[in-house]
file upload-v6.cif (mmCIF, C-alpha atoms)
data_input
#
loop_
_atom_site.group_PDB
_atom_site.id
_atom_site.type_symbol
_atom_site.label_atom_id
_atom_site.label_comp_id
_atom_site.auth_asym_id
_atom_site.auth_seq_id
_atom_site.Cartn_x
_atom_site.Cartn_y
_atom_site.Cartn_z
ATOM 1 C CA MET A 294 122.420 115.093 45.329
ATOM 2 C CA ARG A 295 123.370 112.862 42.394
ATOM 3 C CA LEU A 296 122.964 114.332 38.914
ATOM 4 C CA ILE A 297 123.705 113.498 35.297
ATOM 5 C CA LEU A 298 124.210 116.373 32.852
ATOM 6 C CA VAL A 299 123.731 115.476 29.191
ATOM 7 C CA GLY A 300 124.449 117.784 26.316
ATOM 8 C CA SER A 301 126.420 118.138 23.146
ATOM 9 C CA PRO A 302 129.904 119.616 23.132
ATOM 10 C CA GLY A 303 129.698 123.406 23.484
ATOM 11 C CA VAL A 304 126.241 123.493 25.042
ATOM 12 C CA GLY A 305 127.483 124.662 28.468
ATOM 13 C CA LYS A 306 127.091 121.562 30.620
ATOM 14 C CA GLY A 307 130.668 121.823 31.927
ATOM 15 C CA THR A 308 130.037 125.404 33.041
ATOM 16 C CA GLN A 309 126.828 124.366 34.802
ATOM 17 C CA ALA A 310 128.520 121.344 36.382
ATOM 18 C CA ALA A 311 131.188 123.633 37.833
ATOM 19 C CA LEU A 312 128.548 126.013 39.235
ATOM 20 C CA LEU A 313 126.467 123.206 40.738
ATOM 21 C CA CYS A 314 129.532 121.637 42.323
ATOM 22 C CA GLU A 315 130.832 124.915 43.706
ATOM 23 C CA ARG A 316 127.509 126.086 45.108
ATOM 24 C CA LEU A 317 126.122 122.751 46.301
ATOM 25 C CA GLY A 318 129.374 121.087 47.369
ATOM 26 C CA LEU A 319 129.132 118.256 44.864
ATOM 27 C CA LEU A 320 131.926 116.292 43.188
ATOM 28 C CA HIS A 321 132.352 117.059 39.456
ATOM 29 C CA VAL A 322 132.996 113.851 37.526
ATOM 30 C CA SER A 323 133.945 114.627 33.918
ATOM 31 C CA THR A 324 135.007 111.607 31.894
ATOM 32 C CA GLY A 325 137.450 113.779 29.946
ATOM 33 C CA ASP A 326 139.122 114.860 33.196
ATOM 34 C CA VAL A 327 139.039 111.286 34.501
ATOM 35 C CA PHE A 328 140.868 110.051 31.388
ATOM 36 C CA ARG A 329 143.415 112.870 31.447
ATOM 37 C CA ASN A 330 144.184 112.365 35.159
ATOM 38 C CA ALA A 331 144.474 108.579 34.865
ATOM 39 C CA ILE A 332 146.765 108.923 31.856
ATOM 40 C CA ARG A 333 148.911 111.572 33.580
ATOM 41 C CA GLU A 334 149.197 109.378 36.688
ATOM 42 C CA ARG A 335 149.925 106.346 34.475
ATOM 43 C CA THR A 336 147.390 104.139 36.275
ATOM 44 C CA ASP A 337 146.540 100.750 34.792
ATOM 45 C CA LEU A 338 143.214 102.068 33.523
ATOM 46 C CA GLY A 339 144.849 105.273 32.295
ATOM 47 C CA LEU A 340 147.353 103.311 30.236
ATOM 48 C CA ALA A 341 144.534 101.169 28.834
ATOM 49 C CA ALA A 342 142.563 104.294 27.891
ATOM 50 C CA MET A 343 145.655 105.905 26.362
ATOM 51 C CA SER A 344 146.239 102.930 24.063
ATOM 52 C CA TYR A 345 142.755 103.381 22.572
ATOM 53 C CA LEU A 346 142.942 107.175 22.371
ATOM 54 C CA ASP A 347 146.377 107.076 20.739
ATOM 55 C CA ALA A 348 144.933 104.749 18.090
ATOM 56 C CA GLY A 349 142.086 107.212 17.479
ATOM 57 C CA LYS A 350 139.492 104.852 18.939
ATOM 58 C CA LEU A 351 136.821 105.321 21.589
ATOM 59 C CA VAL A 352 137.713 103.998 25.020
ATOM 60 C CA PRO A 353 135.624 100.824 25.509
ATOM 61 C CA ASP A 354 132.732 100.921 27.939
ATOM 62 C CA GLU A 355 134.354 98.474 30.363
ATOM 63 C CA VAL A 356 137.389 100.734 30.869
ATOM 64 C CA THR A 357 135.278 103.898 31.169
ATOM 65 C CA ILE A 358 132.832 102.230 33.554
ATOM 66 C CA GLU A 359 135.571 100.979 35.852
ATOM 67 C CA MET A 360 137.251 104.395 35.971
ATOM 68 C CA VAL A 361 134.003 106.200 36.817
ATOM 69 C CA GLU A 362 132.908 103.584 39.349
ATOM 70 C CA ARG A 363 136.170 103.981 41.283
ATOM 71 C CA ILE A 364 135.511 107.716 41.623
ATOM 72 C CA LEU A 365 131.846 107.261 42.518
ATOM 73 C CA ALA A 366 132.737 104.663 45.153
ATOM 74 C CA SER A 367 134.973 107.257 46.800
ATOM 75 C CA ALA A 368 132.197 109.887 46.647
ATOM 76 C CA ILE A 369 129.675 107.467 48.158
ATOM 77 C CA GLU A 370 132.124 106.441 50.870
ATOM 78 C CA SER A 371 132.578 110.091 51.869
ATOM 79 C CA ASP A 372 128.811 110.689 51.627
ATOM 80 C CA ARG A 373 129.282 113.283 48.911
ATOM 81 C CA GLY A 374 126.926 113.954 46.021
ATOM 82 C CA PHE A 375 128.148 114.240 42.470
ATOM 83 C CA VAL A 376 127.511 115.641 39.010
ATOM 84 C CA LEU A 377 128.286 113.329 36.098
ATOM 85 C CA ASP A 378 129.383 115.335 33.047
ATOM 86 C CA GLY A 379 129.810 113.269 29.887
ATOM 87 C CA TYR A 380 128.773 109.978 31.452
ATOM 88 C CA PRO A 381 126.936 107.792 30.646
ATOM 89 C CA ARG A 382 127.347 108.069 26.870
ATOM 90 C CA SER A 383 125.970 104.667 25.942
ATOM 91 C CA ILE A 384 123.198 102.335 27.058
ATOM 92 C CA GLY A 385 125.874 99.956 28.386
ATOM 93 C CA GLN A 386 127.260 102.736 30.578
ATOM 94 C CA ALA A 387 123.758 103.775 31.702
ATOM 95 C CA ASN A 388 122.891 100.202 32.688
ATOM 96 C CA ALA A 389 126.205 99.834 34.520
ATOM 97 C CA LEU A 390 125.593 103.103 36.383
ATOM 98 C CA ASP A 391 122.082 102.021 37.367
ATOM 99 C CA ARG A 392 123.441 98.693 38.682
ATOM 100 C CA PHE A 393 126.338 100.348 40.518
ATOM 101 C CA LEU A 394 124.085 102.868 42.258
ATOM 102 C CA ALA A 395 121.536 100.195 43.213
ATOM 103 C CA GLU A 396 124.278 97.943 44.627
ATOM 104 C CA ASN A 397 125.461 100.885 46.738
ATOM 105 C CA GLY A 398 122.020 101.967 47.953
ATOM 106 C CA GLN A 399 122.096 105.173 45.905
ATOM 107 C CA GLU A 400 119.642 106.761 43.491
ATOM 108 C CA LEU A 401 119.903 109.513 40.924
ATOM 109 C CA ASP A 402 118.097 112.745 41.694
ATOM 110 C CA ALA A 403 117.884 114.037 38.127
ATOM 111 C CA VAL A 404 119.087 113.713 34.545
ATOM 112 C CA VAL A 405 119.345 117.183 33.009
ATOM 113 C CA SER A 406 119.635 117.556 29.252
ATOM 114 C CA PHE A 407 120.763 120.814 27.663
ATOM 115 C CA ALA A 408 119.074 122.031 24.484
ATOM 116 C CA ALA A 409 120.413 124.715 22.167
ATOM 117 C CA PRO A 410 120.173 125.162 18.392
ATOM 118 C CA ASP A 411 123.086 123.703 16.439
ATOM 119 C CA ASP A 412 123.963 127.115 14.999
ATOM 120 C CA VAL A 413 124.363 128.535 18.517
ATOM 121 C CA VAL A 414 126.561 125.607 19.590
ATOM 122 C CA VAL A 415 128.679 125.888 16.443
ATOM 123 C CA ALA A 416 129.181 129.628 17.012
ATOM 124 C CA ARG A 417 130.171 129.032 20.663
ATOM 125 C CA MET A 418 132.668 126.353 19.722
ATOM 126 C CA LEU A 419 134.173 128.387 16.880
ATOM 127 C CA ALA A 420 134.582 131.308 19.302
ATOM 128 C CA ARG A 421 136.746 129.112 21.562
ATOM 129 C CA GLY A 422 139.397 129.206 18.853
ATOM 130 C CA ARG A 423 140.637 125.643 19.279
ATOM 131 C CA ASP A 424 142.622 124.172 16.393
ATOM 132 C CA ASP A 425 140.335 121.129 16.084
ATOM 133 C CA ASP A 426 137.120 123.204 16.093
ATOM 134 C CA ASP A 427 136.224 123.895 12.460
ATOM 135 C CA GLU A 428 132.563 124.031 11.448
ATOM 136 C CA LYS A 429 132.511 120.718 9.566
ATOM 137 C CA THR A 430 134.125 118.855 12.458
ATOM 138 C CA ILE A 431 131.819 120.489 15.008
ATOM 139 C CA ARG A 432 128.696 119.573 13.031
ATOM 140 C CA LYS A 433 129.940 115.970 12.723
ATOM 141 C CA ARG A 434 130.515 115.845 16.498
ATOM 142 C CA LEU A 435 126.964 117.125 17.056
ATOM 143 C CA GLN A 436 125.580 114.412 14.771
ATOM 144 C CA VAL A 437 127.586 111.666 16.509
ATOM 145 C CA PHE A 438 126.490 112.996 19.910
ATOM 146 C CA ARG A 439 122.821 112.819 18.926
ATOM 147 C CA GLU A 440 123.178 109.303 17.532
ATOM 148 C CA GLN A 441 125.023 107.953 20.580
ATOM 149 C CA THR A 442 123.140 109.823 23.277
ATOM 150 C CA ALA A 443 119.533 109.574 22.101
ATOM 151 C CA PRO A 444 119.176 106.027 23.490
ATOM 152 C CA VAL A 445 120.610 107.154 26.851
ATOM 153 C CA LEU A 446 118.088 109.982 27.088
ATOM 154 C CA ASP A 447 115.284 107.589 26.129
ATOM 155 C CA HIS A 448 116.487 105.262 28.903
ATOM 156 C CA TYR A 449 116.126 107.986 31.539
ATOM 157 C CA ARG A 450 112.977 109.665 30.173
ATOM 158 C CA GLY A 451 110.936 106.708 31.354
ATOM 159 C CA THR A 452 112.190 107.056 34.935
ATOM 160 C CA GLY A 453 110.676 110.455 35.675
ATOM 161 C CA LEU A 454 114.168 111.783 36.468
ATOM 162 C CA HIS A 455 114.787 113.533 33.149
ATOM 163 C CA PHE A 456 114.158 117.186 32.385
ATOM 164 C CA GLU A 457 115.427 119.540 29.716
ATOM 165 C CA VAL A 458 116.722 123.083 30.089
ATOM 166 C CA ASN A 459 117.116 125.789 27.471
ATOM 167 C CA ALA A 460 120.879 126.219 27.197
ATOM 168 C CA ASN A 461 120.460 129.147 24.804
ATOM 169 C CA GLN A 462 120.309 131.750 27.570
ATOM 170 C CA ALA A 463 122.664 133.412 30.043
ATOM 171 C CA VAL A 464 124.742 131.107 32.256
ATOM 172 C CA GLU A 465 123.048 132.266 35.466
ATOM 173 C CA ASP A 466 119.590 131.825 33.917
ATOM 174 C CA VAL A 467 120.404 128.223 32.971
ATOM 175 C CA TYR A 468 121.650 127.634 36.527
ATOM 176 C CA GLN A 469 118.452 129.117 37.987
ATOM 177 C CA ASP A 470 116.339 126.897 35.736
ATOM 178 C CA ILE A 471 118.213 123.794 36.877
ATOM 179 C CA THR A 472 118.100 124.573 40.584
ATOM 180 C CA ALA A 473 114.424 125.553 40.403
ATOM 181 C CA ARG A 474 113.624 122.160 38.876
ATOM 182 C CA LEU A 475 115.752 120.428 41.495
ATOM 183 C CA GLY A 476 114.112 122.365 44.322
ATOM 184 C CA SER A 477 117.531 123.564 45.548
#

call {"tool": "encode", "arguments": {"input": "upload-v6.cif", "output": "structure tokens"}}
result
Amino acid sequence: MRLILVGSPGVGKGTQAALLCERLGLLHVSTGDVFRNAIRERTDLGLAAMSYLDAGKLVPDEVTIEMVERILASAIESDRGFVLDGYPRSIGQANALDRFLAENGQELDAVVSFAAPDDVVVARMLARGRDDDDEKTIRKRLQVFREQTAPVLDHYRGTGLHFEVNANQAVEDVYQDITARLGS
């Protein structure tokens, strides 16, 4: 199974990715984890990503795409499914993913988007108690997410692969909704 999980920060997609991976034996590919690991290991791509992050800039698509494709190539080689969490975040990344999968004889099974009211997401993120999670910053991140991700969702809506789940319910209920839609 090959899945994309799309949702704003704090909506619970990381929690669901972990459950899906644990229960279905899939590889969890989180771009945040990919960046942190590559930077910690001081790989060429990790150092490139670090230079952008240290300057407060977004990591360019070409660097992100190459990092993710290396991991997906390994998953495909070992005949293992995956859950993409936080990727693709742009149309360029979505097109690159589509090309990469087609070149490797793979197809996506589903693109799952998580919906929850902004006030719920803000409350969840404030409850985490992170230093960088104040309400103004969180609301700005939600706005940026919507602006950047809307075209990606539109890209996949036309494929018949996309479905939305209500993320404003208990963790296990969200999981049950996802797996019911997947037929797992």

call {"tool": "resolve_selection", "arguments": {"input": "upload-v6.cif", "expression": "the PyMOL selection byres ((chain A and resi 379-393) around 7)", "output": "number ranges by chain"}}
result
A: 299, 323-324, 354, 358, 377-378, 394-397, 441-442, 444-445

call {"tool": "closest_residue", "arguments": {"input": "upload-v6.cif", "among": "A:Leu296, A:Ala310, A:Leu319, A:Val414", "to": "Asp426 of chain A", "atoms": "all atoms listed in the file"}}
result
A:Val414

call {"tool": "resolve_selection", "arguments": {"input": "upload-v6.cif", "expression": "the PyMOL selection byres ((chain A and resi 327) around 12)", "output": "mmCIF file with C-alpha atoms, in the frame of the given file"}}
result
data_model
loop_
_atom_site.group_PDB
_atom_site.id
_atom_site.type_symbol
_atom_site.label_atom_id
_atom_site.label_comp_id
_atom_site.auth_asym_id
_atom_site.auth_seq_id
_atom_site.Cartn_x
_atom_site.Cartn_y
_atom_site.Cartn_z
ATOM 1 C CA HIS A 321 132.352 117.059 39.456
ATOM 2 C CA VAL A 322 132.996 113.851 37.526
ATOM 3 C CA SER A 323 133.945 114.627 33.918
ATOM 4 C CA THR A 324 135.007 111.607 31.894
ATOM 5 C CA GLY A 325 137.450 113.779 29.946
ATOM 6 C CA ASP A 326 139.122 114.860 33.196
ATOM 7 C CA PHE A 328 140.868 110.051 31.388
ATOM 8 C CA ARG A 329 143.415 112.870 31.447
ATOM 9 C CA ASN A 330 144.184 112.365 35.159
ATOM 10 C CA ALA A 331 144.474 108.579 34.865
ATOM 11 C CA ILE A 332 146.765 108.923 31.856
ATOM 12 C CA ARG A 333 148.911 111.572 33.580
ATOM 13 C CA GLU A 334 149.197 109.378 36.688
ATOM 14 C CA ARG A 335 149.925 106.346 34.475
ATOM 15 C CA THR A 336 147.390 104.139 36.275
ATOM 16 C CA LEU A 338 143.214 102.068 33.523
ATOM 17 C CA GLY A 339 144.849 105.273 32.295
ATOM 18 C CA ALA A 342 142.563 104.294 27.891
ATOM 19 C CA MET A 343 145.655 105.905 26.362
ATOM 20 C CA VAL A 356 137.389 100.734 30.869
ATOM 21 C CA THR A 357 135.278 103.898 31.169
ATOM 22 C CA ILE A 358 132.832 102.230 33.554
ATOM 23 C CA GLU A 359 135.571 100.979 35.852
ATOM 24 C CA MET A 360 137.251 104.395 35.971
ATOM 25 C CA VAL A 361 134.003 106.200 36.817
ATOM 26 C CA GLU A 362 132.908 103.584 39.349
ATOM 27 C CA ARG A 363 136.170 103.981 41.283
ATOM 28 C CA ILE A 364 135.511 107.716 41.623
ATOM 29 C CA LEU A 365 131.846 107.261 42.518
ATOM 30 C CA LEU A 377 128.286 113.329 36.098
ATOM 31 C CA ASP A 378 129.383 115.335 33.047
ATOM 32 C CA GLY A 379 129.810 113.269 29.887
ATOM 33 C CA TYR A 380 128.773 109.978 31.452
#

call {"tool": "resolve_selection", "arguments": {"input": "upload-v6.cif", "expression": "the PyMOL selection byres ((chain A and resi 409) around 6)", "output": "ChimeraX atom specification"}}
result
/A:408,410,460-461

call {"tool": "closest_residue", "arguments": {"input": "upload-v6.cif", "among": "A:Glu400, A:Asp337, A:Ile297, A:Gly305", "to": "Arg417 of chain A", "atoms": "all atoms listed in the file"}}
result
A:Gly305

call {"tool": "atom_distance", "arguments": {"input": "upload-v6.cif", "atom1": "atom CA of Asp372 of chain A", "atom2": "atom CA of Leu313 of chain A"}}
result
16.8 Å

call {"tool": "atom_distance", "arguments": {"input": "upload-v6.cif", "atom1": "atom CA of Met294 of chain A", "atom2": "atom CA of Leu446 of chain A"}}
result
19.4 Å

call {"tool": "atom_distance", "arguments": {"input": "upload-v6.cif", "atom1": "atom CA of Glu355 of chain A", "atom2": "atom CA of Ala341 of chain A"}}
result
10.6 Å

call {"tool": "closest_residue", "arguments": {"input": "upload-v6.cif", "among": "A:Met418, A:Asp470, A:Gly451, A:Val376", "to": "Arg434 of chain A", "atoms": "only C-alpha atoms"}}
result
A:Met418

call {"tool": "closest_residue", "arguments": {"input": "upload-v6.cif", "among": "A:Arg423, A:Leu475, A:Val437, A:Leu401", "to": "Tyr449 of chain A", "atoms": "only C-alpha atoms"}}
result
A:Leu401

call {"tool": "closest_residue", "arguments": {"input": "upload-v6.cif", "among": "A:Ile471, A:Val464, A:Ile369, A:Leu351", "to": "Thr308 of chain A", "atoms": "only C-alpha atoms"}}
result
A:Val464

call {"tool": "axis_aligned_box", "arguments": {"input": "upload-v6.cif", "around": "segment 416-425 of chain A", "padding_each_side": "5 Å", "output": "AutoDock Vina command-line options"}}
result
--center_x 135.9 --center_y 126.2 --center_z 18.8 --size_x 23.4 --size_y 20.2 --size_z 15.5

call {"tool": "closest_residue", "arguments": {"input": "upload-v6.cif", "among": "A:Lys433, A:Arg373, A:Arg316, A:Lys350", "to": "Ser301 of chain A", "atoms": "only C-alpha atoms"}}
result
A:Lys433

call {"tool": "residues_around", "arguments": {"input": "upload-v6.cif", "residues": "Leu454 of chain A", "least_positions_apart": "2", "cutoff": "6 Å", "atoms": "all atoms listed in the file", "output": "ChimeraX atom specification"}}
result
/A:403-404,452
